[in-house]
file final_2.cif (mmCIF, N, CA and C atoms)
data_run
#
loop_
_atom_site.label_atom_id
_atom_site.label_comp_id
_atom_site.auth_asym_id
_atom_site.auth_seq_id
_atom_site.Cartn_x
_atom_site.Cartn_y
_atom_site.Cartn_z
N MET A 1 21.10 -14.15 -10.26
CA MET A 1 20.13 -14.93 -9.54
C MET A 1 20.21 -16.39 -9.98
N ASN A 2 21.29 -17.03 -9.67
CA ASN A 2 21.49 -18.41 -10.08
C ASN A 2 21.17 -19.42 -9.00
N GLN A 3 20.99 -18.97 -7.76
CA GLN A 3 20.68 -19.90 -6.69
C GLN A 3 19.24 -20.37 -6.79
N ARG A 4 18.93 -21.43 -6.03
CA ARG A 4 17.57 -21.96 -6.04
C ARG A 4 16.57 -20.97 -5.44
N LYS A 5 16.95 -20.37 -4.32
CA LYS A 5 16.04 -19.46 -3.63
C LYS A 5 16.86 -18.31 -3.06
N GLU A 6 16.52 -17.09 -3.44
CA GLU A 6 17.28 -15.95 -2.95
C GLU A 6 16.38 -14.73 -2.82
N PRO A 7 16.73 -13.81 -1.91
CA PRO A 7 15.92 -12.60 -1.72
C PRO A 7 15.85 -11.78 -3.00
N LEU A 8 14.68 -11.24 -3.25
CA LEU A 8 14.46 -10.42 -4.44
C LEU A 8 14.28 -8.96 -4.04
N PHE A 9 13.42 -8.73 -3.05
CA PHE A 9 13.12 -7.37 -2.62
C PHE A 9 12.61 -7.42 -1.19
N GLN A 10 12.91 -6.37 -0.41
CA GLN A 10 12.49 -6.35 0.98
C GLN A 10 11.86 -5.01 1.31
N SER A 11 10.81 -5.05 2.12
CA SER A 11 10.17 -3.83 2.61
C SER A 11 10.20 -3.87 4.14
N CYS A 12 9.53 -2.93 4.75
CA CYS A 12 9.53 -2.85 6.22
C CYS A 12 8.93 -4.12 6.84
N TYR A 13 7.79 -4.56 6.32
CA TYR A 13 7.06 -5.67 6.92
C TYR A 13 7.24 -7.00 6.20
N GLY A 14 7.93 -7.01 5.07
CA GLY A 14 7.98 -8.26 4.31
C GLY A 14 9.17 -8.39 3.39
N GLN A 15 9.18 -9.53 2.73
CA GLN A 15 10.26 -9.85 1.79
C GLN A 15 9.71 -10.76 0.70
N ALA A 16 10.20 -10.55 -0.51
CA ALA A 16 9.90 -11.44 -1.63
C ALA A 16 11.15 -12.24 -1.94
N THR A 17 10.96 -13.53 -2.16
CA THR A 17 12.06 -14.42 -2.47
C THR A 17 11.75 -15.11 -3.79
N VAL A 18 12.73 -15.17 -4.67
CA VAL A 18 12.54 -15.83 -5.96
C VAL A 18 12.97 -17.29 -5.82
N CYS A 19 12.21 -18.18 -6.43
CA CYS A 19 12.53 -19.61 -6.45
C CYS A 19 12.73 -20.00 -7.91
N ARG A 20 13.97 -20.04 -8.34
CA ARG A 20 14.27 -20.33 -9.74
C ARG A 20 13.79 -21.71 -10.16
N ARG A 21 13.88 -22.67 -9.27
CA ARG A 21 13.47 -24.04 -9.60
C ARG A 21 11.99 -24.11 -9.97
N SER A 22 11.15 -23.42 -9.20
CA SER A 22 9.70 -23.46 -9.46
C SER A 22 9.25 -22.34 -10.39
N GLY A 23 10.09 -21.33 -10.57
CA GLY A 23 9.72 -20.22 -11.44
C GLY A 23 8.75 -19.26 -10.78
N GLY A 24 8.66 -19.30 -9.46
CA GLY A 24 7.72 -18.43 -8.76
C GLY A 24 8.39 -17.64 -7.66
N PHE A 25 7.56 -17.08 -6.81
CA PHE A 25 8.03 -16.18 -5.77
C PHE A 25 7.32 -16.47 -4.46
N TRP A 26 8.06 -16.45 -3.38
CA TRP A 26 7.48 -16.50 -2.04
C TRP A 26 7.36 -15.08 -1.55
N LEU A 27 6.17 -14.73 -1.12
CA LEU A 27 5.93 -13.41 -0.56
C LEU A 27 5.65 -13.60 0.93
N ASP A 28 6.56 -13.13 1.76
CA ASP A 28 6.41 -13.18 3.21
C ASP A 28 6.05 -11.78 3.67
N PHE A 29 4.89 -11.65 4.28
CA PHE A 29 4.44 -10.34 4.73
C PHE A 29 3.78 -10.51 6.09
N GLY A 30 4.47 -10.05 7.13
CA GLY A 30 3.95 -10.26 8.48
C GLY A 30 3.88 -11.76 8.74
N GLU A 31 2.71 -12.23 9.11
CA GLU A 31 2.52 -13.66 9.37
C GLU A 31 2.03 -14.41 8.13
N THR A 32 1.88 -13.71 7.03
CA THR A 32 1.37 -14.31 5.80
C THR A 32 2.51 -14.73 4.90
N GLN A 33 2.41 -15.95 4.35
CA GLN A 33 3.37 -16.42 3.37
C GLN A 33 2.59 -17.05 2.22
N ILE A 34 2.80 -16.52 1.01
CA ILE A 34 2.11 -17.07 -0.16
C ILE A 34 3.10 -17.26 -1.30
N TRP A 35 2.82 -18.25 -2.13
CA TRP A 35 3.61 -18.50 -3.31
C TRP A 35 2.85 -17.95 -4.50
N LEU A 36 3.56 -17.23 -5.37
CA LEU A 36 2.94 -16.61 -6.54
C LEU A 36 3.77 -16.87 -7.79
N CYS A 37 3.08 -17.13 -8.89
CA CYS A 37 3.77 -17.14 -10.18
C CYS A 37 3.88 -15.68 -10.63
N HIS A 38 4.59 -15.43 -11.71
CA HIS A 38 4.83 -14.07 -12.20
C HIS A 38 3.51 -13.36 -12.49
N GLU A 39 2.59 -14.02 -13.15
CA GLU A 39 1.32 -13.39 -13.50
C GLU A 39 0.49 -13.08 -12.25
N ARG A 40 0.49 -13.98 -11.27
CA ARG A 40 -0.25 -13.73 -10.02
C ARG A 40 0.35 -12.55 -9.26
N LEU A 41 1.67 -12.41 -9.33
CA LEU A 41 2.33 -11.27 -8.69
C LEU A 41 1.87 -9.97 -9.35
N ARG A 42 1.75 -9.97 -10.69
CA ARG A 42 1.24 -8.80 -11.40
C ARG A 42 -0.21 -8.51 -11.02
N GLN A 43 -1.03 -9.56 -10.92
CA GLN A 43 -2.43 -9.38 -10.53
C GLN A 43 -2.53 -8.80 -9.13
N LEU A 44 -1.70 -9.30 -8.21
CA LEU A 44 -1.71 -8.77 -6.86
C LEU A 44 -1.29 -7.31 -6.85
N ALA A 45 -0.31 -6.95 -7.66
CA ALA A 45 0.12 -5.54 -7.75
C ALA A 45 -1.03 -4.65 -8.21
N ARG A 46 -1.75 -5.09 -9.24
CA ARG A 46 -2.89 -4.30 -9.72
C ARG A 46 -3.95 -4.15 -8.64
N LYS A 47 -4.23 -5.24 -7.94
CA LYS A 47 -5.25 -5.24 -6.90
C LYS A 47 -4.85 -4.31 -5.74
N VAL A 48 -3.61 -4.42 -5.30
CA VAL A 48 -3.13 -3.58 -4.18
C VAL A 48 -3.07 -2.12 -4.61
N ASN A 49 -2.57 -1.84 -5.82
CA ASN A 49 -2.51 -0.46 -6.31
C ASN A 49 -3.91 0.16 -6.36
N HIS A 50 -4.87 -0.60 -6.82
CA HIS A 50 -6.25 -0.11 -6.89
C HIS A 50 -6.79 0.17 -5.48
N LEU A 51 -6.56 -0.75 -4.56
CA LEU A 51 -7.05 -0.58 -3.20
C LEU A 51 -6.40 0.64 -2.53
N VAL A 52 -5.12 0.85 -2.76
CA VAL A 52 -4.45 2.03 -2.21
C VAL A 52 -5.05 3.30 -2.80
N ASN A 53 -5.28 3.30 -4.11
CA ASN A 53 -5.83 4.50 -4.77
C ASN A 53 -7.23 4.85 -4.26
N VAL A 54 -8.08 3.86 -4.06
CA VAL A 54 -9.44 4.15 -3.61
C VAL A 54 -9.49 4.39 -2.10
N SER A 55 -8.43 4.03 -1.38
CA SER A 55 -8.41 4.18 0.07
C SER A 55 -7.67 5.42 0.53
N GLU A 56 -7.05 6.16 -0.40
CA GLU A 56 -6.27 7.35 -0.01
C GLU A 56 -7.18 8.35 0.67
N ARG A 57 -6.66 8.94 1.75
CA ARG A 57 -7.42 9.89 2.53
C ARG A 57 -6.82 11.28 2.42
N PRO A 58 -7.63 12.29 2.67
CA PRO A 58 -7.10 13.66 2.69
C PRO A 58 -6.03 13.79 3.78
N HIS A 59 -5.11 14.70 3.58
CA HIS A 59 -4.02 14.93 4.53
C HIS A 59 -4.58 15.20 5.93
N GLY A 60 -4.00 14.53 6.92
CA GLY A 60 -4.40 14.77 8.30
C GLY A 60 -5.44 13.81 8.85
N GLN A 61 -6.08 13.06 7.99
CA GLN A 61 -7.11 12.12 8.47
C GLN A 61 -6.43 10.89 9.07
N ALA A 62 -7.05 10.32 10.09
CA ALA A 62 -6.47 9.17 10.80
C ALA A 62 -6.34 7.96 9.88
N PHE A 63 -5.29 7.16 10.12
CA PHE A 63 -5.04 5.96 9.34
C PHE A 63 -5.51 4.71 10.08
N SER A 64 -6.54 4.84 10.90
CA SER A 64 -6.97 3.72 11.73
C SER A 64 -7.89 2.75 11.00
N GLN A 65 -8.37 3.11 9.84
CA GLN A 65 -9.28 2.25 9.09
C GLN A 65 -8.59 0.95 8.69
N GLN A 66 -9.29 -0.15 8.87
CA GLN A 66 -8.78 -1.45 8.48
C GLN A 66 -9.27 -1.76 7.06
N LEU A 67 -8.38 -2.28 6.23
CA LEU A 67 -8.70 -2.59 4.84
C LEU A 67 -8.64 -4.09 4.63
N LEU A 68 -9.58 -4.62 3.88
CA LEU A 68 -9.69 -6.05 3.65
C LEU A 68 -9.19 -6.39 2.25
N LEU A 69 -8.43 -7.49 2.17
CA LEU A 69 -7.88 -7.92 0.89
C LEU A 69 -7.81 -9.43 0.87
N CYS A 70 -8.32 -10.03 -0.19
CA CYS A 70 -8.21 -11.47 -0.37
C CYS A 70 -6.96 -11.72 -1.22
N LEU A 71 -5.94 -12.31 -0.60
CA LEU A 71 -4.67 -12.56 -1.29
C LEU A 71 -4.78 -13.77 -2.20
N PRO A 72 -4.06 -13.80 -3.31
CA PRO A 72 -4.08 -14.96 -4.21
C PRO A 72 -3.67 -16.23 -3.46
N GLY A 73 -4.40 -17.29 -3.70
CA GLY A 73 -4.07 -18.57 -3.07
C GLY A 73 -4.56 -18.70 -1.64
N SER A 74 -5.27 -17.68 -1.13
CA SER A 74 -5.72 -17.74 0.25
C SER A 74 -7.09 -18.41 0.39
N TYR A 75 -7.73 -18.71 -0.73
CA TYR A 75 -8.97 -19.48 -0.76
C TYR A 75 -10.01 -18.99 0.24
N ASP A 76 -10.64 -17.91 -0.08
CA ASP A 76 -11.73 -17.33 0.68
C ASP A 76 -11.32 -16.79 2.05
N THR A 77 -10.03 -16.65 2.31
CA THR A 77 -9.57 -16.03 3.54
C THR A 77 -9.27 -14.57 3.26
N VAL A 78 -9.82 -13.71 4.07
CA VAL A 78 -9.62 -12.28 3.89
C VAL A 78 -8.57 -11.81 4.89
N SER A 79 -7.58 -11.07 4.40
CA SER A 79 -6.55 -10.50 5.27
C SER A 79 -6.93 -9.06 5.58
N VAL A 80 -6.63 -8.65 6.80
CA VAL A 80 -6.92 -7.29 7.26
C VAL A 80 -5.62 -6.52 7.36
N PHE A 81 -5.59 -5.33 6.76
CA PHE A 81 -4.40 -4.49 6.75
C PHE A 81 -4.75 -3.09 7.23
N SER A 82 -3.82 -2.47 7.93
CA SER A 82 -3.94 -1.04 8.19
C SER A 82 -3.45 -0.34 6.91
N PHE A 83 -3.70 0.96 6.81
CA PHE A 83 -3.30 1.67 5.60
C PHE A 83 -1.79 1.65 5.41
N ASP A 84 -1.02 1.81 6.51
CA ASP A 84 0.44 1.81 6.35
C ASP A 84 0.95 0.42 5.97
N GLU A 85 0.30 -0.64 6.43
CA GLU A 85 0.67 -1.99 6.00
C GLU A 85 0.37 -2.18 4.52
N LEU A 86 -0.77 -1.65 4.10
CA LEU A 86 -1.12 -1.76 2.68
C LEU A 86 -0.13 -1.00 1.81
N LEU A 87 0.31 0.17 2.26
CA LEU A 87 1.34 0.92 1.52
C LEU A 87 2.64 0.14 1.45
N ASP A 88 3.00 -0.53 2.54
CA ASP A 88 4.22 -1.33 2.55
C ASP A 88 4.08 -2.54 1.63
N LEU A 89 2.90 -3.17 1.63
CA LEU A 89 2.65 -4.28 0.72
C LEU A 89 2.75 -3.81 -0.73
N GLN A 90 2.24 -2.62 -1.00
CA GLN A 90 2.34 -2.04 -2.34
C GLN A 90 3.81 -1.86 -2.74
N ALA A 91 4.61 -1.33 -1.83
CA ALA A 91 6.03 -1.15 -2.12
C ALA A 91 6.72 -2.50 -2.35
N LEU A 92 6.38 -3.49 -1.55
CA LEU A 92 6.97 -4.82 -1.69
C LEU A 92 6.62 -5.45 -3.03
N VAL A 93 5.37 -5.43 -3.39
CA VAL A 93 4.92 -6.06 -4.63
C VAL A 93 5.46 -5.32 -5.85
N ASN A 94 5.35 -3.99 -5.85
CA ASN A 94 5.84 -3.22 -7.00
C ASN A 94 7.36 -3.28 -7.12
N GLY A 95 8.05 -3.25 -5.99
CA GLY A 95 9.51 -3.37 -6.00
C GLY A 95 9.95 -4.73 -6.51
N SER A 96 9.23 -5.76 -6.11
CA SER A 96 9.54 -7.12 -6.59
C SER A 96 9.34 -7.23 -8.09
N LEU A 97 8.24 -6.66 -8.58
CA LEU A 97 7.99 -6.68 -10.03
C LEU A 97 9.07 -5.92 -10.79
N ALA A 98 9.51 -4.80 -10.25
CA ALA A 98 10.57 -4.03 -10.91
C ALA A 98 11.85 -4.86 -10.99
N MET A 99 12.18 -5.57 -9.92
CA MET A 99 13.39 -6.40 -9.91
C MET A 99 13.25 -7.57 -10.89
N VAL A 100 12.08 -8.19 -10.94
CA VAL A 100 11.85 -9.29 -11.88
C VAL A 100 12.02 -8.79 -13.30
N ASP A 101 11.44 -7.64 -13.61
CA ASP A 101 11.56 -7.07 -14.96
C ASP A 101 13.01 -6.73 -15.29
N LEU A 102 13.75 -6.21 -14.31
CA LEU A 102 15.16 -5.90 -14.53
C LEU A 102 15.96 -7.17 -14.82
N TYR A 103 15.78 -8.20 -14.01
CA TYR A 103 16.51 -9.45 -14.23
C TYR A 103 16.13 -10.10 -15.57
N ASP A 104 14.85 -10.02 -15.93
CA ASP A 104 14.43 -10.55 -17.23
C ASP A 104 15.09 -9.79 -18.37
N PHE A 105 15.13 -8.46 -18.26
CA PHE A 105 15.77 -7.63 -19.28
C PHE A 105 17.25 -7.99 -19.41
N LEU A 106 17.94 -8.12 -18.27
CA LEU A 106 19.35 -8.47 -18.30
C LEU A 106 19.57 -9.84 -18.93
N HIS A 107 18.71 -10.80 -18.58
CA HIS A 107 18.85 -12.15 -19.11
C HIS A 107 18.61 -12.19 -20.62
N VAL A 108 17.53 -11.54 -21.07
CA VAL A 108 17.18 -11.53 -22.49
C VAL A 108 18.30 -10.88 -23.32
N ASN A 109 18.90 -9.83 -22.79
CA ASN A 109 19.94 -9.10 -23.51
C ASN A 109 21.35 -9.59 -23.19
N GLN A 110 21.43 -10.71 -22.47
CA GLN A 110 22.69 -11.34 -22.10
C GLN A 110 23.65 -10.36 -21.43
N LEU A 111 23.10 -9.57 -20.53
CA LEU A 111 23.89 -8.61 -19.77
C LEU A 111 24.10 -9.15 -18.36
N HIS A 112 25.21 -8.81 -17.75
CA HIS A 112 25.52 -9.28 -16.41
C HIS A 112 25.98 -8.11 -15.55
N ILE A 113 25.63 -8.17 -14.29
CA ILE A 113 26.07 -7.15 -13.34
C ILE A 113 27.31 -7.69 -12.64
N ALA A 114 28.41 -6.96 -12.74
CA ALA A 114 29.65 -7.39 -12.09
C ALA A 114 29.53 -7.13 -10.60
N SER A 115 29.94 -8.14 -9.82
CA SER A 115 29.85 -7.95 -8.36
C SER A 115 31.17 -7.57 -7.76
#

call {"tool": "encode", "arguments": {"input": "final_2.cif", "output": "structure tokens"}}
result
Amino acid sequence: MNQRKEPLFQSCYGQATVCRRSGGFWLDFGETQIWLCHERLRQLARKVNHLVNVSERPHGQAFSQQLLLCLPGSYDTVSVFSFDELLDLQALVNGSLAMVDLYDFLHVNQLHIAS
């Protein structure tokens, strides 16, 4: 990951991009685009994971319920998600964190992936 801006992880509805120059991440999800530092990305993961856990429904129940989430940096703007969008956001955020941790581990241990 030596370029200025490159894809980190992609889900059905979104993509995370790392910006090495700023040390942060662009999270594009549907029509939403937010910039997050590493710690804010972790906070968002905790928030989304919690919301998914408390919103889980018994098997067979409709997924039509809309879920509200205030994203970091959105300044009092609430985003509305369907349950499947929230699950995809969870996959995007957790997958991005896993990739960040992997790249950090490789960098700290001076390991390289041959292409």

call {"tool": "resolve_selection", "arguments": {"input": "final_2.cif", "expression": "the PyMOL selection byres ((chain A and resi 28-30) around 6.5)", "output": "PyMOL selection string"}}
result
chain A and resi 13-17+26-27+31-34

call {"tool": "resolve_selection", "arguments": {"input": "final_2.cif", "expression": "the PyMOL selection byres ((chain A and resi 18) around 8)", "output": "PyMOL selection string"}}
result
chain A and resi 3-9+15-17+19-27

call {"tool": "atom_distance", "arguments": {"input": "final_2.cif", "atom1": "CA of Tyr75 (chain A)", "atom2": "CA of Val100 (chain A)"}}
result
25.7 Å

call {"tool": "atom_distance", "arguments": {"input": "final_2.cif", "atom1": "atom N of Ser74 (chain A)", "atom2": "atom N of Asn53 (chain A)"}}
result
21.2 Å

call {"tool": "resolve_selection", "arguments": {"input": "final_2.cif", "expression": "the PyMOL selection byres (((chain A and resi 85 and name CA) around 12) and name CA)", "output": "count of residues only"}}
result
28

call {"tool": "atom_distance", "arguments": {"input": "final_2.cif", "atom1": "CA of Cys37 (chain A)", "atom2": "CA of Ile113 (chain A)"}}
result
24.6 Å

call {"tool": "residues_around", "arguments": {"input": "final_2.cif", "residues": "region 42-44 of chain A", "least_positions_apart": "5", "cutoff": "8 Å", "atoms": "only N, CA and C atoms", "output": "list in words"}}
result
Leu36, Cys37, Asn49, His50, Leu71, Pro72, Gln90, Val93, Asn94 and Leu97 of chain A

call {"tool": "select_by_dssp", "arguments": {"input": "final_2.cif", "residues": "chain A", "states": "helix (DSSP H, G or I)", "output": "NGL selection string"}}
result
:A and (38-55 or 83-108)

call {"tool": "select_by_dssp", "arguments": {"input": "final_2.cif", "residues": "chain A", "states": "strand (DSSP E or B)", "output": "MDAnalysis selection string"}}
result
chainID A and resid 5:10 14:19 24:29 32:36 66:69 79:82
